[in-house]
$ cat protein34.cif   # mmCIF, C-alpha atoms
data_work
#
loop_
_atom_site.label_atom_id
_atom_site.label_comp_id
_atom_site.auth_asym_id
_atom_site.auth_seq_id
_atom_site.Cartn_x
_atom_site.Cartn_y
_atom_site.Cartn_z
CA MET Y 7 -68.63 31.42 24.07
CA LYS Y 8 -67.56 34.97 23.61
CA GLU Y 9 -64.21 35.67 22.05
CA ASN Y 10 -63.16 37.77 24.98
CA ASN Y 11 -63.42 34.79 27.28
CA ALA Y 12 -61.47 32.44 25.00
CA GLY Y 13 -58.14 33.60 26.37
CA PRO Y 14 -54.88 32.19 25.00
CA TRP Y 15 -55.98 28.54 25.25
CA TYR Y 16 -56.68 28.32 21.56
CA LEU Y 17 -53.00 29.05 20.95
CA LEU Y 18 -51.94 26.21 23.21
CA THR Y 19 -54.50 23.96 21.55
CA GLY Y 20 -53.03 24.78 18.14
CA LEU Y 21 -49.52 24.08 19.35
CA VAL Y 22 -50.39 20.72 20.91
CA LEU Y 23 -52.54 19.68 17.99
CA GLY Y 24 -49.79 20.59 15.53
CA ALA Y 25 -47.18 18.68 17.53
CA LEU Y 26 -49.40 15.59 17.67
CA ILE Y 27 -50.01 15.71 13.94
CA GLY Y 28 -46.28 16.17 13.35
CA LEU Y 29 -45.38 13.18 15.52
CA LEU Y 30 -48.04 11.05 13.94
CA TYR Y 31 -46.66 11.87 10.53
CA ALA Y 32 -43.00 11.42 11.49
CA TRP Y 33 -43.46 8.16 13.40
CA TRP Y 34 -46.27 6.37 11.62
CA ILE Y 35 -47.07 7.86 8.26
CA ALA Y 36 -43.65 8.79 6.92
CA PRO Y 37 -40.86 7.54 9.17
CA PRO Y 38 -37.28 7.76 7.88
CA PRO Y 39 -36.72 4.99 5.35
CA LEU Y 40 -35.14 1.85 6.75
CA GLN Y 41 -33.09 1.30 3.63
CA GLY Y 42 -29.69 2.84 4.12
CA ASN Y 43 -30.30 3.94 7.69
CA ALA Y 44 -29.75 0.82 9.77
CA ASP Y 45 -26.76 0.28 11.99
CA PRO Y 46 -25.19 -3.05 12.91
CA ALA Y 47 -26.74 -2.97 16.39
CA SER Y 48 -30.21 -3.18 14.86
CA LEU Y 49 -29.49 -6.32 12.85
CA ARG Y 50 -31.59 -9.39 13.45
CA ALA Y 51 -29.97 -11.92 15.78
CA ASP Y 52 -28.89 -14.31 13.03
CA PHE Y 53 -27.42 -11.50 10.97
CA LYS Y 54 -25.61 -10.27 14.06
CA ASP Y 55 -24.08 -13.72 14.34
CA GLU Y 56 -22.91 -13.46 10.75
CA TYR Y 57 -21.61 -9.96 11.37
CA ARG Y 58 -19.62 -11.17 14.40
CA LEU Y 59 -18.20 -14.02 12.35
CA LEU Y 60 -17.20 -11.57 9.65
CA ILE Y 61 -15.42 -9.40 12.22
CA ALA Y 62 -13.68 -12.42 13.70
CA SER Y 63 -12.66 -13.77 10.30
CA ALA Y 64 -11.31 -10.37 9.30
CA TYR Y 65 -9.36 -10.31 12.55
CA ALA Y 66 -8.01 -13.79 11.86
CA ALA Y 67 -6.94 -12.53 8.46
CA ASN Y 68 -5.24 -9.29 9.45
CA GLY Y 69 -4.56 -9.55 13.20
CA ASN Y 70 -5.75 -5.99 13.78
CA LEU Y 71 -7.37 -6.18 17.19
CA SER Y 72 -8.15 -2.48 17.47
CA ARG Y 73 -10.14 -2.62 14.31
CA ALA Y 74 -11.97 -5.76 15.39
CA GLN Y 75 -12.80 -4.17 18.72
CA ALA Y 76 -14.14 -1.02 17.06
CA ARG Y 77 -16.32 -3.15 14.85
CA LEU Y 78 -17.61 -5.21 17.73
CA ASN Y 79 -18.53 -2.04 19.58
CA LEU Y 80 -20.88 -1.19 16.74
CA LEU Y 81 -23.06 -4.07 17.85
CA SER Y 82 -23.70 -2.31 21.20
CA GLU Y 83 -23.05 -5.35 23.32
CA GLU Y 84 -20.31 -6.77 25.50
CA PRO Y 85 -17.97 -8.24 22.88
CA GLY Y 86 -16.38 -10.98 24.97
CA PRO Y 87 -19.56 -12.61 26.30
CA ALA Y 88 -21.29 -12.23 22.94
CA LEU Y 89 -18.46 -13.99 21.14
CA SER Y 90 -18.28 -16.75 23.74
CA ALA Y 91 -22.03 -17.26 23.70
CA GLN Y 92 -22.09 -17.53 19.93
CA THR Y 93 -19.15 -19.94 19.95
CA GLN Y 94 -20.92 -22.17 22.47
CA ARG Y 95 -24.19 -21.99 20.59
CA TRP Y 96 -22.57 -22.98 17.32
CA GLN Y 97 -20.58 -25.73 18.98
CA GLN Y 98 -23.75 -27.14 20.52
CA ASN Y 99 -25.47 -26.94 17.16
CA GLY Y 100 -22.70 -29.04 15.68
CA ALA Y 101 -21.16 -26.37 13.49
CA GLN Y 102 -17.85 -27.09 11.85
CA PRO Y 103 -14.83 -25.89 13.85
CA ALA Y 104 -13.89 -23.64 10.94
CA ALA Y 105 -17.10 -21.72 11.61
CA TRP Y 106 -16.52 -20.94 15.27
CA GLN Y 107 -12.74 -20.98 15.57
CA PRO Y 108 -12.36 -17.35 14.42
CA LEU Y 109 -14.86 -16.34 17.11
CA GLU Y 110 -12.92 -18.20 19.73
CA LEU Y 111 -9.65 -16.72 18.56
CA LEU Y 112 -11.02 -13.20 18.73
CA ALA Y 113 -12.50 -13.78 22.19
CA GLN Y 114 -9.13 -15.01 23.39
CA ALA Y 115 -7.33 -12.07 21.86
CA LEU Y 116 -9.73 -9.65 23.51
CA GLN Y 117 -9.20 -11.35 26.82
CA ALA Y 118 -5.43 -11.28 26.40
CA ALA Y 119 -5.52 -7.61 25.49
CA GLU Y 120 -7.72 -6.72 28.44
CA THR Y 121 -5.43 -8.29 31.03
CA PRO Y 122 -2.45 -5.99 30.52
CA SER Y 123 -4.65 -2.97 30.08
CA LEU Y 124 -5.92 -3.35 33.63
CA SER Y 125 -2.55 -3.59 35.27
CA ALA Y 126 0.07 -2.22 32.95
CA ALA Y 127 1.60 1.10 33.55
CA ASP Y 128 3.13 1.06 30.11
CA SER Y 129 0.47 1.94 27.62
CA THR Y 130 2.53 0.96 24.60
CA SER Y 131 1.58 -2.68 25.00
CA LEU Y 132 -1.83 -1.85 23.63
CA PRO Y 133 -2.77 0.37 20.75
CA ALA Y 134 -3.07 3.89 22.02
CA ALA Y 135 -6.50 4.25 20.48
CA LEU Y 136 -8.10 1.48 22.47
CA PRO Y 137 -8.76 2.81 25.98
CA GLY Y 138 -9.74 6.34 25.11
CA SER Y 139 -10.92 5.96 21.58
CA PRO Y 140 -14.12 7.71 20.69
CA PRO Y 141 -17.14 5.44 20.52
CA PRO Y 142 -17.05 3.93 17.07
CA THR Y 143 -20.56 4.96 16.27
CA LEU Y 144 -19.02 6.83 13.37
CA ASP Y 145 -19.83 10.27 12.25
CA GLU Y 146 -23.54 10.75 11.97
CA SER Y 147 -23.38 13.86 9.87
CA ALA Y 148 -20.72 13.02 7.39
CA LEU Y 149 -20.27 9.60 5.93
CA VAL Y 150 -16.68 9.10 6.88
CA PRO Y 151 -14.75 5.87 6.73
CA PRO Y 152 -15.55 4.23 10.04
CA ILE Y 153 -12.32 2.56 10.83
CA THR Y 154 -9.73 4.65 9.14
CA GLN Y 155 -11.06 7.64 10.99
CA VAL Y 156 -11.00 6.05 14.42
CA PHE Y 157 -7.69 4.32 13.92
CA PRO Y 158 -5.78 6.30 11.40
CA SER Y 159 -2.81 4.04 10.92
CA PRO Y 160 -3.80 0.45 10.35
CA THR Y 161 -1.09 -1.24 8.36
CA LEU Y 162 -2.69 -4.32 7.04
CA ARG Y 163 0.04 -4.99 4.57
CA ARG Y 164 2.57 -5.26 7.30
CA VAL Y 165 0.52 -7.97 8.90
CA LEU Y 166 -0.24 -9.63 5.64
CA PRO Y 167 2.91 -9.69 3.54
CA PRO Y 168 2.02 -10.29 -0.09
CA ALA Y 169 4.13 -13.41 -0.21
CA ARG Y 170 1.81 -15.11 2.24
CA LEU Y 171 -1.52 -13.90 1.12
CA ALA Y 172 -2.17 -17.16 -0.60
CA THR Y 173 -1.69 -19.16 2.56
CA PRO Y 174 -4.91 -20.53 3.95
CA LEU Y 175 -6.57 -18.89 6.92
CA ALA Y 176 -4.65 -20.07 9.93
CA ARG Y 177 -5.68 -19.99 13.52
CA PRO Y 178 -3.83 -20.57 16.74
CA SER Y 179 -4.55 -23.38 19.09
CA PRO Y 180 -7.85 -22.92 20.91
CA GLN Y 181 -5.97 -23.23 24.17
CA PRO Y 182 -3.27 -20.56 24.25
CA SER Y 183 -0.38 -21.37 26.49
CA PHE Y 184 0.09 -17.84 27.72
CA THR Y 185 1.29 -17.62 31.29
CA PRO Y 186 0.11 -14.24 32.52
CA GLY Y 187 2.53 -12.22 34.53
CA ALA Y 188 5.82 -13.76 33.50
CA PRO Y 189 7.65 -11.53 31.07
CA PHE Y 190 9.36 -13.08 28.09
CA ALA Y 191 13.12 -13.00 27.81
CA LEU Y 192 14.99 -12.69 24.54
CA LEU Y 193 16.72 -15.99 23.78
CA ASP Y 194 17.99 -15.43 20.31
CA GLN Y 195 18.29 -12.73 17.69
CA VAL Y 196 19.67 -13.58 14.26
CA THR Y 197 19.48 -12.07 10.83
CA PHE Y 198 18.82 -14.18 7.78
CA CYS Y 199 18.81 -13.76 4.02
CA ASP Y 200 15.90 -15.45 2.30
CA PRO Y 201 14.61 -13.99 -0.96
CA GLN Y 202 11.27 -15.65 -0.27
CA ARG Y 203 10.96 -13.72 2.97
CA PRO Y 204 12.49 -10.31 2.34
CA ALA Y 205 12.53 -7.84 5.25
CA TRP Y 206 10.60 -10.19 7.48
CA LEU Y 207 10.68 -9.81 11.21
CA GLU Y 208 9.92 -13.24 12.62
CA VAL Y 209 9.09 -13.73 16.27
CA VAL Y 210 8.80 -17.04 18.07
CA LEU Y 211 7.37 -17.10 21.58
CA LEU Y 212 7.72 -20.02 23.97
CA ASN Y 213 6.26 -20.40 27.42
CA ALA Y 214 8.18 -21.63 30.45
CA GLU Y 215 7.67 -25.24 29.40
CA GLY Y 216 9.11 -24.54 25.99
CA GLU Y 217 5.72 -24.82 24.33
CA PRO Y 218 4.60 -22.27 21.71
CA ALA Y 219 2.79 -19.35 23.31
CA ALA Y 220 -0.19 -18.26 21.22
CA ALA Y 221 -2.32 -15.11 21.26
CA ILE Y 222 0.43 -12.99 22.79
CA PRO Y 223 0.19 -9.33 21.82
CA LEU Y 224 3.35 -7.88 20.31
CA ASN Y 225 3.72 -4.18 19.86
CA ILE Y 226 5.95 -2.85 17.15
CA SER Y 227 6.66 0.82 16.80
CA TRP Y 228 8.59 2.95 14.40
CA PRO Y 229 8.99 6.69 13.92
CA GLY Y 230 5.47 7.88 13.32
CA GLY Y 231 3.55 4.71 13.98
CA GLU Y 232 2.94 1.56 15.92
CA GLU Y 233 0.94 -1.61 15.57
CA THR Y 234 -0.05 -4.60 17.64
CA PHE Y 235 -0.02 -8.09 16.23
CA PHE Y 236 -0.37 -11.51 17.80
CA SER Y 237 1.43 -14.79 17.89
CA GLY Y 238 -0.32 -17.90 16.66
CA LEU Y 239 -2.06 -16.59 13.56
CA LYS Y 240 0.08 -18.69 11.21
CA PRO Y 241 0.65 -22.01 12.95
CA GLU Y 242 1.40 -23.74 9.66
CA ILE Y 243 4.53 -21.62 9.28
CA GLY Y 244 6.14 -21.56 12.68
CA GLY Y 245 3.72 -23.10 15.14
CA ASN Y 246 1.34 -21.46 17.57
CA GLY Y 247 4.02 -19.20 19.00
CA TYR Y 248 4.95 -17.68 15.66
CA ALA Y 249 4.27 -14.16 14.41
CA ASP Y 250 5.73 -12.09 11.63
CA PHE Y 251 5.84 -8.56 10.37
CA VAL Y 252 7.22 -7.06 7.16
CA MET Y 253 9.64 -4.21 7.74
CA SER Y 254 9.94 -1.23 5.44
CA PRO Y 255 13.37 -0.34 4.07
CA GLN Y 256 15.46 2.07 6.10
CA VAL Y 257 13.03 2.18 9.00
CA GLU Y 258 14.13 1.29 12.51
CA TYR Y 259 11.64 -0.65 14.61
CA THR Y 260 11.24 -1.35 18.30
CA LEU Y 261 9.45 -4.46 19.47
CA THR Y 262 7.90 -4.58 22.94
CA LEU Y 263 6.00 -7.33 24.69
CA SER Y 264 5.05 -8.47 28.17
CA GLN Y 265 3.38 -5.16 28.88
CA GLY Y 266 6.46 -3.28 27.81
CA ALA Y 267 8.77 -5.18 30.16
CA VAL Y 268 10.69 -6.57 27.20
CA ARG Y 269 11.95 -4.21 24.58
CA VAL Y 270 14.10 -4.90 21.53
CA SER Y 271 15.09 -1.79 19.64
CA GLY Y 272 17.20 -1.04 16.59
CA LEU Y 273 15.47 -3.62 14.40
CA GLN Y 274 16.14 -2.75 10.80
CA ALA Y 275 16.18 -4.82 7.61
CA GLN Y 276 19.70 -5.06 6.20
CA PRO Y 277 20.50 -5.59 2.53
CA CYS Y 278 21.57 -9.06 1.40
CA GLN Y 279 23.66 -9.56 -1.71
CA PRO Y 280 23.26 -13.02 -3.21
CA ALA Y 281 25.99 -14.57 -5.34
CA SER Y 282 23.80 -14.03 -8.37
CA GLY Y 283 20.81 -11.83 -8.87
CA ASP Y 284 19.61 -8.59 -7.34
CA SER Y 285 20.11 -7.67 -3.74
CA PHE Y 286 17.18 -7.78 -1.37
CA LEU Y 287 16.45 -6.99 2.25
CA GLY Y 288 17.18 -9.62 4.83
CA GLY Y 289 15.02 -10.63 7.76
CA ILE Y 290 15.43 -10.80 11.52
CA HIS Y 291 14.51 -13.79 13.65
CA LEU Y 292 13.73 -13.22 17.32
CA GLU Y 293 13.02 -15.91 19.87
CA PHE Y 294 11.59 -15.27 23.32
CA GLN Y 295 10.79 -17.54 26.22
CA GLN Y 296 9.11 -17.07 29.55
CA PRO Y 297 11.40 -17.90 32.47
CA MET G 27 -63.21 33.79 16.09
CA SER G 28 -61.79 36.85 14.54
CA PRO G 29 -59.49 36.56 11.54
CA LEU G 30 -56.56 37.52 13.75
CA ARG G 31 -57.31 34.68 16.13
CA TRP G 32 -57.62 32.25 13.24
CA PHE G 33 -54.31 33.43 11.95
CA LEU G 34 -52.63 33.01 15.34
CA PHE G 35 -54.23 29.59 15.78
CA LEU G 36 -52.94 28.40 12.42
CA LEU G 37 -49.56 29.89 13.19
CA THR G 38 -49.22 27.92 16.45
CA LEU G 39 -50.58 24.84 14.71
CA ALA G 40 -47.80 25.14 12.13
CA ALA G 41 -45.22 25.71 14.85
CA GLY G 42 -46.42 22.60 16.69
CA LEU G 43 -46.35 20.63 13.46
CA ALA G 44 -42.77 21.69 12.77
CA ALA G 45 -41.74 20.82 16.32
CA GLY G 46 -43.42 17.42 16.04
CA LEU G 47 -41.70 16.67 12.76
CA LEU G 48 -38.35 17.81 14.10
CA TYR G 49 -38.71 15.57 17.11
CA GLY G 50 -40.02 12.59 15.17
CA TRP G 51 -37.51 12.75 12.33
CA ARG G 52 -34.39 14.17 13.90
CA ILE G 53 -34.37 14.07 17.69
CA SER G 54 -36.08 10.78 18.32
CA PRO G 55 -36.65 9.00 15.03
CA VAL G 56 -38.18 5.56 14.73
CA GLN G 57 -35.72 2.87 15.82
CA TYR G 58 -35.75 -0.14 13.57
CA VAL G 59 -34.99 -3.57 14.95
CA ASP G 60 -34.32 -6.95 13.33
CA THR G 61 -32.94 -5.36 10.20
CA THR G 62 -30.96 -7.05 7.45
CA PRO G 63 -27.45 -6.23 6.19
CA ASP G 64 -28.79 -4.76 2.96
CA SER G 65 -30.39 -1.95 4.96
CA LEU G 66 -27.11 -0.85 6.57
CA ARG G 67 -26.10 2.77 6.30
CA ALA G 68 -23.54 3.53 3.60
CA ASP G 69 -20.55 3.74 5.93
CA PHE G 70 -21.42 0.53 7.77
CA ARG G 71 -22.08 -1.11 4.45
CA ALA G 72 -18.67 -0.03 3.21
CA ASP G 73 -17.04 -1.44 6.31
CA TYR G 74 -18.90 -4.70 5.73
CA VAL G 75 -17.39 -4.90 2.25
CA LEU G 76 -13.98 -3.97 3.64
CA MET G 77 -14.21 -6.89 6.07
CA VAL G 78 -14.95 -9.19 3.15
CA ALA G 79 -11.97 -7.70 1.31
CA GLU G 80 -9.72 -8.29 4.33
CA ILE G 81 -10.81 -11.90 4.56
CA TYR G 82 -10.43 -12.34 0.82
CA GLN G 83 -6.85 -11.09 1.03
CA SER G 84 -6.11 -14.01 3.31
CA GLU G 85 -8.31 -16.69 1.79
CA GLN G 86 -7.98 -15.71 -1.88
CA ASN G 87 -11.36 -17.25 -2.55
CA PRO G 88 -13.49 -14.95 -4.70
CA GLN G 89 -16.49 -17.31 -4.65
CA THR G 90 -16.69 -17.15 -0.87
CA ALA G 91 -16.25 -13.39 -0.97
CA ALA G 92 -19.07 -13.10 -3.51
CA ARG G 93 -21.30 -15.23 -1.30
CA ARG G 94 -20.59 -12.98 1.67
CA LEU G 95 -21.37 -9.88 -0.35
CA ALA G 96 -24.67 -11.36 -1.46
CA ALA G 97 -26.04 -10.49 1.99
CA LEU G 98 -25.90 -6.84 0.99
CA GLY G 99 -28.80 -7.05 -1.42
CA PRO G 100 -29.74 -8.02 -4.93
CA ALA G 101 -26.97 -6.06 -6.63
CA SER G 102 -24.15 -8.18 -7.97
CA PRO G 103 -21.08 -8.50 -5.71
CA THR G 104 -19.03 -6.79 -8.41
CA GLN G 105 -21.35 -3.83 -8.34
CA VAL G 106 -21.45 -3.75 -4.54
CA CYS G 107 -17.68 -3.76 -4.41
CA ALA G 108 -17.36 -1.11 -7.09
CA GLU G 109 -19.80 1.16 -5.27
CA THR G 110 -17.91 0.66 -2.04
CA LEU G 111 -14.63 1.43 -3.73
CA GLN G 112 -16.08 4.64 -5.05
CA PHE G 113 -17.42 5.52 -1.61
CA ALA G 114 -14.09 4.70 0.01
CA MET G 115 -12.22 6.97 -2.35
CA GLN G 116 -14.74 9.76 -1.91
CA VAL G 117 -14.52 9.82 1.86
CA GLY G 118 -10.81 9.20 2.07
CA TYR G 119 -10.27 5.66 3.26
CA ASP G 120 -6.73 4.63 4.05
CA PRO G 121 -4.90 3.77 0.81
CA ARG G 122 -4.19 0.29 2.13
CA ASP G 123 -7.89 -0.34 2.60
CA ILE G 124 -8.61 1.01 -0.86
CA GLN G 125 -6.01 -1.38 -2.21
CA LEU G 126 -7.77 -4.27 -0.48
CA LEU G 127 -11.07 -3.23 -2.03
CA GLN G 128 -9.45 -2.94 -5.43
CA ASN G 129 -7.99 -6.41 -5.09
CA LEU G 130 -11.39 -7.79 -4.21
CA SER G 131 -13.03 -5.90 -7.02
CA LEU G 132 -10.57 -7.30 -9.54
CA ALA G 133 -11.05 -10.81 -8.21
CA LEU G 134 -14.84 -10.52 -8.43
CA GLN G 135 -14.63 -9.27 -11.98
CA SER G 136 -12.67 -12.34 -12.91
CA LEU G 137 -15.48 -14.59 -11.69
CA PRO G 138 -17.69 -16.11 -14.35
CA THR G 139 -21.15 -14.59 -14.23
CA GLY G 140 -22.63 -17.89 -13.16
CA ASP G 141 -20.43 -17.98 -10.07
CA GLN G 142 -21.90 -14.81 -8.68
CA PRO G 143 -24.85 -15.40 -6.41
#

$ encode --input "protein34.cif" --output "structure tokens"
Amino acid sequence: MKENNAGPWYLLTGLVLGALIGLLYAWWIAPPPLQGNADPASLRADFKDEYRLLIASAYAANGNLSRAQARLNLLSEEPGPALSAQTQRWQQNGAQPAAWQPLELLAQALQAAETPSLSAADSTSLPAALPGSPPPTLDESALVPPITQVFPSPTLRRVLPPARLATPLARPSPQPSFTPGAPFALLDQVTFCDPQRPAWLEVVLLNAEGEPAAAIPLNISWPGGEETFFSGLKPEIGGNGYADFVMSPQVEYTLTLSQGAVRVSGLQAQPCQPASGDSFLGGIHLEFQQP
Amino acid sequence: MSPLRWFLFLLTLAAGLAAGLLYGWRISPVQYVDTTPDSLRADFRADYVLMVAEIYQSEQNPQTAARRLAALGPASPTQVCAETLQFAMQVGYDPRDIQLLQNLSLALQSLPTGDQP
């Protein structure tokens, strides 16, 4: 063949050939190393189960639903059905209740959190980051902290006061007695002085039958922050309708529940002066019931 | 072929090669499936350890925490936790989370060597 007749095809041939060699090298010969590149969604099924259990156990420990939800999203699946399916599977396989109860608790909390988000006009009943939060696939370019970046103000210590860290992992009843739609009414608000429970905000929720109401989201806000916690995480202390929160000194809090329909403001820990010893901050006890 | 044509051919070959590598490594890299926790990316790995630290804060059981961390590879749980703590401080984790990791790290250090998986 004469060179004059070759035309530009040899250029195209070079381009295609080079691309094929490049792909062959990148995909088969030297793909990116697996080590240190995997994401939770790529985990093997049994490791995904363990990962879900870890998320659920962490949620049972700190009550931070936003964080649990962000973590579940990393698995690229529908969190609710996945948790329920795993719970059923483990129950059928005869696993100990301690193994699947955190999963069940988290599934219930997700369900409880979804209900108000569909109908509530008041967005304060859920963490602001939930509906419009960026997909928690984390930053691909910079290795940033996954959760602290997405939800900048988790306050684990407020959920887990140091005085109770030694208490065993507690879970609410598997059957929460939440009656959707009926807002809670404040029955009682008292302050107390207990050096074992300084600056504690205790909340007790009862349903219309007077039974403890578990897995109810409670939103607490203060200047510059807010947090959602749930009733029923410490049944050994105050039953399935109990929840607590540790207040900071000289900070005024507002508690809202029932999709914002109930609001208690001006909550602030007041100093207590015992007959002997140093002064400490007192607590506040709130009791709510559905009508 | 003339030397010029050879040169142009090799030039386009190199361009195609670069494009192929770019696509295969960056744009559409190999997707791994059925991976294990020890292959998690550093940030996911750190969050895994943070979850263990959160649970530990409630359970106060360093043996169980060490067992959970064993899924992250052959390194000792103490080392895994220390590396995570370093990572967390480098990238600016919330101080409360760093405190949780420090608590776990201290608890793991107190474990007898034989108790670490």

$ interface_residues --input "protein34.cif" --of "chain G" --to "chain Y" --cutoff "7 Å" --atoms "all atoms listed in the file" --output "ChimeraX atom specification"
/G:27,34-36,38-47,50-51,56,58-63,65-70,73,77,80-81,83-86,114,117-120,122

$ atom_distance --input "protein34.cif" --atom1 "CA of Gly86 in chain Y" --atom2 "CA of Gln107 in chain Y"
14.2 Å

$ residues_around --input "protein34.cif" --residues "range 196-199 of chain Y" --least-positions-apart "3" --cutoff "8 Å" --atoms "only C-alpha atoms" --output "MDAnalysis selection string"
chainID Y and resid 203:204 278 287:292

$ residues_around --input "protein34.cif" --residues "Arg93 in chain G" --least-positions-apart "3" --cutoff "12 Å" --atoms "all atoms listed in the file" --output "PyMOL selection string"
chain G and resi 75+78+82+87-90+96-100+102-104+106+134+137+141-143

$ atom_distance --input "protein34.cif" --atom1 "CA of Ala219 in chain Y" --atom2 "CA of Tyr259 in chain Y"
22.4 Å

$ atom_distance --input "protein34.cif" --atom1 "CA of Ile222 in chain Y" --atom2 "CA of Ala205 in chain Y"
21.9 Å

$ residues_around --input "protein34.cif" --residues "Gly247 in chain Y" --least-positions-apart "5" --cutoff "6 Å" --atoms "only C-alpha atoms" --output "mmCIF file with C-alpha atoms, keeping the file's coordinate frame"
data_model
loop_
_atom_site.group_PDB
_atom_site.id
_atom_site.type_symbol
_atom_site.label_atom_id
_atom_site.label_comp_id
_atom_site.auth_asym_id
_atom_site.auth_seq_id
_atom_site.Cartn_x
_atom_site.Cartn_y
_atom_site.Cartn_z
ATOM 1 C CA VAL Y 210 8.800 -17.040 18.070
ATOM 2 C CA LEU Y 211 7.370 -17.100 21.580
ATOM 3 C CA PRO Y 218 4.600 -22.270 21.710
ATOM 4 C CA ALA Y 219 2.790 -19.350 23.310
ATOM 5 C CA ALA Y 220 -0.190 -18.260 21.220
ATOM 6 C CA SER Y 237 1.430 -14.790 17.890
ATOM 7 C CA GLY Y 238 -0.320 -17.900 16.660
#

$ residues_around --input "protein34.cif" --residues "Gln296 in chain Y" --least-positions-apart "6" --cutoff "6 Å" --atoms "all atoms listed in the file" --output "PDB file with C-alpha atoms, in the coordinates of the input"
ATOM      1  CA  PRO Y 189       7.650 -11.530  31.070  1.00  0.00           C
ATOM      2  CA  PHE Y 190       9.360 -13.080  28.090  1.00  0.00           C
ATOM      3  CA  ALA Y 191      13.120 -13.000  27.810  1.00  0.00           C
ATOM      4  CA  ASN Y 213       6.260 -20.400  27.420  1.00  0.00           C
ATOM      5  CA  ALA Y 214       8.180 -21.630  30.450  1.00  0.00           C
TER       6      ALA Y 214
END

$ axis_aligned_box --input "protein34.cif" --around "range 32-46 of chain G" --padding-each-side "3 Å" --output "lines of an AutoDock Vina configuration file"
center_x = -49.7
center_y = 25.4
center_z = 14.3
size_x = 21.9
size_y = 22.0
size_z = 10.7

$ closest_residue --input "protein34.cif" --among "G:Ser28, G:Thr110, G:Ser54, G:Gln105" --to "Leu126 in chain G" --atoms "all atoms listed in the file"
G:Thr110

$ resolve_selection --input "protein34.cif" --expression "the PyMOL selection byres ((chain Y and resi 114) around 10)" --output "number ranges by chain"
Y: 86, 89-90, 108-113, 115-120, 180-182, 220-222

$ build_atoms --input "protein34.cif" --residues "range 57-69 of chain G" --atoms "N, CA and C atoms" --output "tab-separated table (two decimals), keeping the file's coordinate frame"
chain	number	residue	atom	x	y	z
G	57	GLN	N	-36.86	3.80	15.73
G	57	GLN	CA	-35.72	2.87	15.82
G	57	GLN	C	-36.15	1.53	15.21
G	58	TYR	N	-35.44	1.14	14.19
G	58	TYR	CA	-35.75	-0.14	13.57
G	58	TYR	C	-35.03	-1.26	14.29
G	59	VAL	N	-35.65	-2.39	14.37
G	59	VAL	CA	-34.99	-3.57	14.95
G	59	VAL	C	-35.12	-4.72	13.95
G	60	ASP	N	-34.30	-5.75	14.18
G	60	ASP	CA	-34.32	-6.95	13.33
G	60	ASP	C	-34.14	-6.60	11.86
G	61	THR	N	-33.18	-5.76	11.59
G	61	THR	CA	-32.94	-5.36	10.20
G	61	THR	C	-32.01	-6.37	9.51
G	62	THR	N	-31.82	-6.16	8.24
G	62	THR	CA	-30.96	-7.05	7.45
G	62	THR	C	-29.74	-6.27	6.96
G	63	PRO	N	-28.66	-6.96	6.60
G	63	PRO	CA	-27.45	-6.23	6.19
G	63	PRO	C	-27.66	-5.29	5.00
G	64	ASP	N	-28.62	-5.63	4.13
G	64	ASP	CA	-28.79	-4.76	2.96
G	64	ASP	C	-29.37	-3.41	3.32
G	65	SER	N	-29.85	-3.25	4.56
G	65	SER	CA	-30.39	-1.95	4.96
G	65	SER	C	-29.36	-1.11	5.73
G	66	LEU	N	-28.13	-1.59	5.82
G	66	LEU	CA	-27.11	-0.85	6.57
G	66	LEU	C	-26.82	0.50	5.92
G	67	ARG	N	-26.47	1.45	6.77
G	67	ARG	CA	-26.10	2.77	6.30
G	67	ARG	C	-24.84	2.66	5.44
G	68	ALA	N	-24.62	3.64	4.59
G	68	ALA	CA	-23.54	3.53	3.60
G	68	ALA	C	-22.18	3.27	4.23
G	69	ASP	N	-21.88	3.93	5.35
G	69	ASP	CA	-20.55	3.74	5.93
G	69	ASP	C	-20.41	2.36	6.56
